[in-house]
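Shown below: protein-v3.csv, with CSV, C-alpha atoms.
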chain,number,residue,atom,x,y,z
A,1,MET,CA,-145.0,60.2,-19.8
A,2,LYS,CA,-142.9,60.7,-16.7
A,3,SER,CA,-144.3,62.6,-13.7
A,4,PRO,CA,-142.7,66.0,-13.0
A,5,VAL,CA,-140.5,66.1,-10.0
A,6,ILE,CA,-139.6,69.3,-8.1
A,7,PHE,CA,-137.2,69.3,-5.2
A,8,LEU,CA,-136.7,72.3,-3.0
A,9,LEU,CA,-133.3,71.8,-1.4
A,10,LEU,CA,-132.6,74.5,1.2
A,11,LEU,CA,-129.0,74.2,2.4
A,12,ALA,CA,-129.2,77.3,4.6
A,13,ALA,CA,-131.7,79.9,5.6
A,14,ALA,CA,-129.1,82.7,5.6
A,15,ALA,CA,-127.8,84.3,2.4
A,16,ALA,CA,-124.2,83.5,3.5
A,17,ALA,CA,-124.8,79.8,2.5
A,18,PRO,CA,-126.2,78.3,-0.7
A,19,CYS,CA,-129.8,77.4,-1.2
A,20,ARG,CA,-131.1,75.2,-4.0
A,21,VAL,CA,-134.4,74.4,-5.5
A,22,LEU,CA,-134.4,71.4,-7.8
A,23,ALA,CA,-137.0,70.3,-10.3
A,24,GLN,CA,-135.5,67.2,-11.9
A,25,ALA,CA,-133.9,63.8,-11.3
A,26,GLN,CA,-130.4,64.6,-12.5
A,27,ALA,CA,-127.9,66.0,-10.1
A,28,PRO,CA,-127.7,69.8,-10.0
A,29,GLN,CA,-124.5,71.8,-10.2
A,30,THR,CA,-123.1,73.1,-6.9
A,31,PRO,CA,-124.7,76.5,-6.2
A,32,MET,CA,-122.7,79.6,-5.3
A,33,PRO,CA,-123.1,80.9,-1.7
A,34,GLY,CA,-126.5,82.6,-1.4
A,35,GLN,CA,-127.9,81.2,-4.7
A,36,ILE,CA,-131.0,79.2,-5.2
A,37,LEU,CA,-130.4,76.7,-8.0
A,38,VAL,CA,-133.5,75.7,-9.8
A,39,THR,CA,-133.2,72.6,-12.1
A,40,GLY,CA,-135.5,70.0,-13.5
A,41,THR,CA,-138.1,69.2,-16.1
A,42,LEU,CA,-141.5,70.7,-16.3
A,43,ALA,CA,-144.3,70.2,-18.8
A,44,ASP,CA,-144.5,73.7,-20.3
A,45,GLU,CA,-143.1,77.3,-20.3
A,46,ALA,CA,-146.1,78.6,-18.4
A,47,GLY,CA,-145.5,76.2,-15.5
A,48,LYS,CA,-141.8,77.0,-15.5
A,49,ALA,CA,-142.4,80.8,-15.5
A,50,ALA,CA,-144.9,80.4,-12.6
A,51,VAL,CA,-142.4,78.4,-10.5
A,52,LEU,CA,-139.6,80.9,-11.2
A,53,ALA,CA,-141.8,83.9,-10.5
A,54,ARG,CA,-142.8,82.5,-7.1
A,55,LEU,CA,-139.3,81.6,-6.1
A,56,ARG,CA,-138.0,85.0,-7.2
A,57,GLU,CA,-140.7,86.7,-5.1
A,58,LEU,CA,-139.8,84.6,-2.1
A,59,TYR,CA,-136.0,84.6,-2.2
A,60,GLY,CA,-135.2,87.6,-4.5
A,61,ALA,CA,-134.6,87.5,-8.3
A,62,GLU,CA,-130.8,87.9,-7.9
A,63,ARG,CA,-130.6,84.6,-6.0
A,64,VAL,CA,-132.5,82.3,-8.3
A,65,VAL,CA,-130.5,80.5,-11.0
A,66,ASP,CA,-132.7,78.8,-13.6
A,67,GLN,CA,-131.9,75.4,-14.9
A,68,ILE,CA,-135.4,74.1,-15.6
A,69,ALA,CA,-135.9,72.2,-18.8
A,70,ILE,CA,-139.2,71.6,-20.7
A,71,GLY,CA,-140.1,68.0,-21.4
A,72,ASN,CA,-142.7,65.3,-21.8
A,73,VAL,CA,-144.0,65.0,-18.2
A,74,ALA,CA,-147.5,64.2,-16.9
A,75,VAL,CA,-149.0,66.7,-14.6
A,76,PRO,CA,-151.6,65.7,-12.0
A,77,ALA,CA,-154.8,67.7,-11.7
A,78,ASN,CA,-154.1,71.2,-10.4
A,79,TRP,CA,-150.5,70.3,-9.8
A,80,HIS,CA,-149.0,73.7,-10.6
A,81,ALA,CA,-151.5,75.4,-8.3
A,82,TYR,CA,-150.4,73.1,-5.4
A,83,VAL,CA,-146.7,73.8,-6.2
A,84,GLN,CA,-147.4,77.5,-5.9
A,85,LYS,CA,-148.9,76.9,-2.5
A,86,LEU,CA,-146.0,74.9,-1.4
A,87,ILE,CA,-143.4,77.5,-2.3
A,88,ALA,CA,-144.5,79.5,0.8
A,89,PRO,CA,-142.6,81.9,3.2
A,90,ASN,CA,-142.3,79.2,5.9
A,91,LEU,CA,-139.8,77.3,3.6
A,92,LYS,CA,-137.3,80.0,4.6
A,93,LEU,CA,-137.4,78.6,8.1
A,94,ILE,CA,-135.9,75.3,6.9
A,95,SER,CA,-132.1,75.0,6.7
A,96,ARG,CA,-130.0,72.2,5.3
A,97,GLY,CA,-133.0,70.5,4.0
A,98,GLN,CA,-135.0,69.3,1.0
A,99,ILE,CA,-138.6,69.3,-0.1
A,100,SER,CA,-139.4,67.0,-3.0
A,101,ILE,CA,-142.7,67.1,-4.9
A,102,ALA,CA,-142.9,64.0,-7.0
A,103,GLY,CA,-146.4,63.7,-8.5
A,104,ASN,CA,-148.7,63.3,-5.4
A,105,ASN,CA,-145.8,62.6,-3.0
A,106,VAL,CA,-144.3,65.3,-0.9
A,107,SER,CA,-141.3,64.8,1.3
A,108,VAL,CA,-139.8,67.5,3.5
A,109,ARG,CA,-136.4,67.2,5.3
A,110,GLY,CA,-134.0,69.6,7.0
A,111,GLU,CA,-133.6,71.5,10.2
A,112,VAL,CA,-135.8,74.0,11.9
A,113,ALA,CA,-135.4,76.1,15.1
A,114,ASN,CA,-137.9,74.3,17.3
A,115,GLU,CA,-140.6,71.7,17.5
A,116,ALA,CA,-143.4,74.2,16.9
A,117,GLN,CA,-141.9,75.1,13.6
A,118,ARG,CA,-141.4,71.5,12.6
A,119,GLN,CA,-145.1,70.7,13.2
A,120,GLN,CA,-146.4,73.9,11.8
A,121,ILE,CA,-144.5,73.6,8.5
A,122,ALA,CA,-145.7,70.0,8.0
A,123,SER,CA,-149.2,71.0,8.9
A,124,ASP,CA,-149.2,74.0,6.4
A,125,ILE,CA,-147.9,71.7,3.7
A,126,ALA,CA,-150.6,69.1,4.3
A,127,THR,CA,-153.5,71.6,4.5
A,128,SER,CA,-152.4,73.3,1.3
A,129,LEU,CA,-152.9,70.0,-0.6
A,130,ASN,CA,-155.8,67.7,-1.3
A,131,PRO,CA,-156.2,64.3,0.4
A,132,THR,CA,-154.6,62.4,-2.6
A,133,TYR,CA,-151.2,63.8,-1.6
A,134,VAL,CA,-148.9,62.0,0.8
A,135,VAL,CA,-146.7,64.1,3.0
A,136,ASN,CA,-143.6,62.7,4.8
A,137,ASN,CA,-142.3,65.0,7.5
A,138,GLY,CA,-138.6,64.4,7.9
A,139,LEU,CA,-137.8,67.8,9.5
A,140,ARG,CA,-135.7,67.8,12.7
A,141,VAL,CA,-135.1,70.4,15.4
A,142,LYS,CA,-131.8,72.1,14.8
A,143,ALA,CA,-129.1,71.2,17.4
A,144,ALA,CA,-131.6,69.5,19.7
A,145,GLU,CA,-130.1,66.1,19.2
A,146,ALA,CA,-126.6,67.3,20.0
A,147,GLU,CA,-127.8,69.1,23.1
A,148,GLN,CA,-129.8,66.1,24.2
A,149,GLY,CA,-126.7,64.1,23.8
A,150,LEU,CA,-124.8,66.4,26.2
A,151,LEU,CA,-127.5,65.8,28.9
A,152,ASP,CA,-127.5,62.1,28.3
A,153,ALA,CA,-123.8,61.8,28.5
A,154,ALA,CA,-123.7,63.8,31.7
A,155,LEU,CA,-126.3,61.6,33.4
A,156,ASP,CA,-124.6,58.6,31.9
A,157,LYS,CA,-127.4,56.2,32.8
A,158,ARG,CA,-127.0,57.0,36.5
A,159,ILE,CA,-130.0,57.4,38.9
A,160,ILE,CA,-130.4,60.5,40.9
A,161,GLU,CA,-131.1,59.0,44.4
A,162,PHE,CA,-133.6,60.4,46.8
A,163,ASP,CA,-134.3,59.5,50.4
A,164,SER,CA,-136.9,56.7,50.6
A,165,GLY,CA,-140.4,58.1,50.0
A,166,LYS,CA,-139.2,61.7,50.1
A,167,ALA,CA,-138.3,64.5,47.8
A,168,SER,CA,-134.9,65.1,49.5
A,169,MET,CA,-131.8,63.9,47.6
A,170,THR,CA,-129.0,61.8,48.9
A,171,PRO,CA,-125.4,63.2,48.7
A,172,ALA,CA,-124.8,60.9,45.7
A,173,GLY,CA,-127.9,62.4,44.0
A,174,LEU,CA,-126.7,65.9,44.6
A,175,ALA,CA,-123.3,65.1,43.2
A,176,ILE,CA,-124.9,64.0,39.9
A,177,LEU,CA,-127.0,67.2,39.9
A,178,ASP,CA,-123.8,69.3,40.2
A,179,GLU,CA,-122.6,67.7,37.0
A,180,MET,CA,-125.9,68.2,35.3
A,181,ALA,CA,-126.0,71.9,36.3
A,182,ALA,CA,-122.5,72.4,34.7
A,183,VAL,CA,-123.8,71.0,31.4
A,184,MET,CA,-127.0,73.0,31.5
A,185,LEU,CA,-125.1,76.2,31.9
A,186,LYS,CA,-123.6,75.5,28.5
A,187,LEU,CA,-127.0,75.2,26.8
A,188,ARG,CA,-127.3,79.0,26.6
A,189,GLY,CA,-130.9,79.3,27.8
A,190,ARG,CA,-132.3,76.2,26.1
A,191,LYS,CA,-135.3,75.0,28.1
A,192,VAL,CA,-134.9,71.6,29.7
A,193,GLU,CA,-137.7,69.4,31.0
A,194,VAL,CA,-137.1,67.6,34.3
A,195,ILE,CA,-139.4,64.6,34.5
A,196,GLY,CA,-139.9,62.6,37.7
A,197,HIS,CA,-140.7,58.9,37.6
A,198,THR,CA,-141.4,56.2,40.3
A,199,ASP,CA,-142.0,52.5,40.4
A,200,ASP,CA,-145.5,51.1,40.9
A,201,THR,CA,-145.3,50.4,44.6
A,202,GLY,CA,-148.2,52.0,46.4
A,203,LEU,CA,-151.0,54.2,45.2
A,204,ARG,CA,-150.7,55.8,41.8
A,205,ALA,CA,-151.9,59.2,43.0
A,206,SER,CA,-149.2,59.2,45.7
A,207,ASN,CA,-146.5,58.2,43.3
A,208,VAL,CA,-147.5,60.9,40.8
A,209,ALA,CA,-147.4,63.5,43.6
A,210,LEU,CA,-144.0,62.2,44.8
A,211,SER,CA,-142.5,62.3,41.3
A,212,GLN,CA,-143.7,65.9,40.8
A,213,ALA,CA,-142.3,66.9,44.2
A,214,ARG,CA,-138.9,65.3,43.3
A,215,ALA,CA,-138.8,67.1,39.9
A,216,GLU,CA,-139.5,70.4,41.6
A,217,ALA,CA,-136.8,69.6,44.1
A,218,VAL,CA,-134.4,69.1,41.3
A,219,ARG,CA,-135.4,72.4,39.7
A,220,ALA,CA,-134.8,74.2,43.0
A,221,TYR,CA,-131.4,72.7,43.4
A,222,LEU,CA,-130.4,73.6,39.9
A,223,ALA,CA,-131.5,77.1,40.5
A,224,SER,CA,-129.1,77.3,43.5
A,225,LYS,CA,-126.4,76.4,41.0
A,226,GLY,CA,-127.2,79.2,38.6
A,227,ILE,CA,-129.7,77.6,36.3
A,228,VAL,CA,-132.6,80.1,35.7
A,229,ALA,CA,-135.7,78.5,37.1
A,230,ASP,CA,-137.9,79.5,34.1
A,231,SER,CA,-135.6,77.5,31.8
A,232,VAL,CA,-136.5,74.3,33.7
A,233,LEU,CA,-139.9,72.7,33.1
A,234,VAL,CA,-141.0,70.0,35.6
A,235,SER,CA,-143.5,67.2,35.5
A,236,GLY,CA,-144.3,64.1,37.5
A,237,GLN,CA,-145.2,61.0,35.6
A,238,GLY,CA,-145.4,58.6,38.6
A,239,PRO,CA,-145.3,55.0,37.5
A,240,ASP,CA,-146.8,55.6,34.0
A,241,ARG,CA,-143.5,55.4,32.0
A,242,PRO,CA,-141.4,52.5,33.3
A,243,VAL,CA,-138.1,51.6,31.6
A,244,ALA,CA,-137.9,48.2,33.3
A,245,SER,CA,-140.1,45.6,34.9
A,246,ASN,CA,-141.4,46.5,38.3
A,247,ALA,CA,-141.4,42.7,39.2
A,248,THR,CA,-137.7,42.9,40.4
A,249,ALA,CA,-135.9,45.1,42.8
A,250,ASP,CA,-133.4,46.2,40.1
A,251,GLY,CA,-136.2,47.1,37.7
A,252,ARG,CA,-138.0,49.2,40.4
A,253,ALA,CA,-134.8,51.0,41.1
A,254,ARG,CA,-134.3,51.9,37.4
A,255,ASN,CA,-137.9,53.2,37.3
A,256,ARG,CA,-137.3,55.5,40.2
A,257,ARG,CA,-135.5,58.1,38.2
A,258,ILE,CA,-135.2,61.7,37.0
A,259,GLU,CA,-135.2,62.3,33.3
A,260,PHE,CA,-133.7,65.3,31.5
A,261,ARG,CA,-135.1,66.2,28.1
A,262,ILE,CA,-134.5,69.2,25.8
A,263,ALA,CA,-137.9,71.0,25.7
A,264,GLN,CA,-139.3,71.3,22.2

For the file at hand, write its structure as structure tokens.
Amino acid sequence: MKSPVIFLLLLAAAAAAPCRVLAQAQAPQTPMPGQILVTGTLADEAGKAAVLARLRELYGAERVVDQIAIGNVAVPANWHAYVQKLIAPNLKLISRGQISIAGNNVSVRGEVANEAQRQQIASDIATSLNPTYVVNNGLRVKAAEAEQGLLDAALDKRIIEFDSGKASMTPAGLAILDEMAAVMLKLRGRKVEVIGHTDDTGLRASNVALSQARAEAVRAYLASKGIVADSVLVSGQGPDRPVASNATADGRARNRRIEFRIAQ
């Protein structure tokens, strides 16, 4: 017998866009806006009724469209109970995504609002199952990649220069920060982490302190350009995360850098 397969394909969290829940290998029909299309093959009417009842409770009966078939499929031990646990309220946090339950394999994909949600949903899924299940977390943070791309494009692999051994920036470094500030103003309150790095010349403790001071100097300058200070997180990594070899002057110069990351 085949194993039952249930997919929960969430195209949008809002009712204005379609949501789908699949339970079969064949391609489903295109749902209407706001609908949750449920298709697939389950072992019995009782299992089907339980899945539909849980989905209707979660999303509303008027949104659930039933296309589940009954067929000759094998059900792992307590499989229906685990499916009930997986159809949980936190699924409504996922947009443009898919959760597939194929026997003892669970895969979740889609977009969530932040990293905390991404980790929490995957953790909730894993803890609701027994150790025989394998969970693949393919969730991604909504819009974070695009926003990170804006920061990366603005910096354009350039190095924000500081005066030697100090936390004061050169005119060239300030000019780059002016461009970074203009981009950050477009991020509409998204928190950005400013991370200071150094090469490995000298004592590590001194380098960590210098990288922290430089990151804080960047935050202060950005604040003078209209960036809310609370939206900028700072840290100093010293020489611990090089991007090039410290054996050459060019490599050391590349390692002395300020990194901008969308905070998760």

Contact residues around region 45-47 of chain A with all atoms listed in the file at 10 Å, ignoring same-chain residues under 6 positions, as a ChimeraX atom specification: /A:53,68-71,79-81,83-84

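Between Val135 (chain A) and the residues A:Ala77, A:Ile159, A:Leu93, A:Leu86, the shortest atom-to-atom distance, using only C-alpha atoms, involves A:Leu86.
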
Taking all atoms listed in the file into account, produce a table as a tab-separated table in which each residue of region 84-197 of chain A with an atom at most 10 Å from an atom of region 208-217 of chain A appears once, together with its shortest atom pair and the distance in Å to one decimal, ordered by chain and rising number.
residue	atom	partner	partner_atom	distance
A:Phe162	CA	A:Arg214	CA	8.0
A:Gly165	CA	A:Leu210	CA	7.5
A:Lys166	CA	A:Leu210	CA	7.2
A:Ala167	CA	A:Arg214	CA	4.6
A:Ser168	CA	A:Ala217	CA	7.3
A:Met169	CA	A:Ala217	CA	8.4
A:Glu193	CA	A:Ala215	CA	9.3
A:Val194	CA	A:Ala215	CA	5.9
A:Ile195	CA	A:Ala215	CA	6.0
A:Gly196	CA	A:Ser211	CA	4.5
A:His197	CA	A:Ser211	CA	5.3

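Across the structure, CA of Gln67 (chain A) and CA of Arg54 (chain A) are spaced 15.2 Å apart.
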
Who sits within 12 Å of region 249-253 of chain A, all atoms listed in the file, same chain under 2 positions skipped, as a PyMOL selection string: chain A and resi 158-162+164+197-201+239+241-247+255-258

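With distances restricted to all atoms listed in the file, A:Leu151 is the closest residue to Lys186 (chain A) from A:Ala205, A:Leu151, A:Ala220, A:Ala126.
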
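Nearest residue to Tyr221 (chain A) among A:Gly103, A:Pro76, A:Gly173, A:Gly149 is A:Gly173, counting all atoms listed in the file.
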
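Reported to one decimal place, the separation of CA of Glu179 (chain A) from CA of Glu147 (chain A) is 14.9 Å.
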
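Take the candidates A:Leu55, A:Ala146, A:Ser107, A:Leu155 and check each one against Ala182 (chain A) using all atoms listed in the file; the shortest distance goes to A:Leu155.
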
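Taking CA of Val134 (chain A) and CA of Lys48 (chain A) as the two end points, the separation is 23.3 Å.
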
Would you pull region 193-207 of chain A out of the block just shown and save N, CA, C and O atoms as a CSV table (one decimal), in the first residue's frame?
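The result, stored in out.csv:
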chain,number,residue,atom,x,y,z
A,193,GLU,N,21.8,45.3,12.0
A,193,GLU,CA,23.0,45.0,12.9
A,193,GLU,C,24.2,45.5,12.2
A,193,GLU,O,24.5,45.2,11.0
A,194,VAL,N,24.9,46.4,12.9
A,194,VAL,CA,26.2,46.9,12.4
A,194,VAL,C,27.3,46.1,13.2
A,194,VAL,O,27.4,46.2,14.4
A,195,ILE,N,28.2,45.4,12.4
A,195,ILE,CA,29.1,44.5,13.1
A,195,ILE,C,30.5,45.0,12.7
A,195,ILE,O,30.9,45.1,11.5
A,196,GLY,N,31.4,45.3,13.7
A,196,GLY,CA,32.7,45.7,13.4
A,196,GLY,C,33.7,44.5,13.4
A,196,GLY,O,33.5,43.6,14.2
A,197,HIS,N,34.7,44.6,12.5
A,197,HIS,CA,35.7,43.5,12.3
A,197,HIS,C,37.0,44.2,12.2
A,197,HIS,O,37.2,45.3,11.7
A,198,THR,N,38.1,43.4,12.6
A,198,THR,CA,39.4,43.9,12.5
A,198,THR,C,40.3,42.7,11.9
A,198,THR,O,39.8,41.6,11.7
A,199,ASP,N,41.6,43.1,11.6
A,199,ASP,CA,42.5,42.0,11.2
A,199,ASP,C,43.0,41.4,12.5
A,199,ASP,O,42.6,41.8,13.6
A,200,ASP,N,44.0,40.6,12.4
A,200,ASP,CA,44.5,39.9,13.7
A,200,ASP,C,45.8,40.5,14.2
A,200,ASP,O,46.5,39.9,15.0
A,201,THR,N,46.2,41.7,13.7
A,201,THR,CA,47.4,42.4,14.2
A,201,THR,C,47.1,42.9,15.6
A,201,THR,O,46.1,43.6,15.9
A,202,GLY,N,48.0,42.5,16.5
A,202,GLY,CA,47.9,43.0,17.9
A,202,GLY,C,47.1,42.0,18.8
A,202,GLY,O,46.8,40.9,18.4
A,203,LEU,N,46.8,42.5,20.0
A,203,LEU,CA,46.1,41.7,20.9
A,203,LEU,C,44.6,41.5,20.6
A,203,LEU,O,43.9,42.5,20.1
A,204,ARG,N,44.1,40.3,20.7
A,204,ARG,CA,42.7,40.1,20.4
A,204,ARG,C,41.7,41.0,21.2
A,204,ARG,O,40.8,41.5,20.6
A,205,ALA,N,42.0,41.1,22.5
A,205,ALA,CA,41.1,41.9,23.3
A,205,ALA,C,41.0,43.3,22.8
A,205,ALA,O,40.0,44.0,22.8
A,206,SER,N,42.2,43.9,22.4
A,206,SER,CA,42.2,45.2,21.9
A,206,SER,C,41.5,45.4,20.6
A,206,SER,O,40.8,46.4,20.4
A,207,ASN,N,41.6,44.3,19.8
A,207,ASN,CA,40.9,44.4,18.5
A,207,ASN,C,39.4,44.3,18.7
A,207,ASN,O,38.6,44.9,18.0
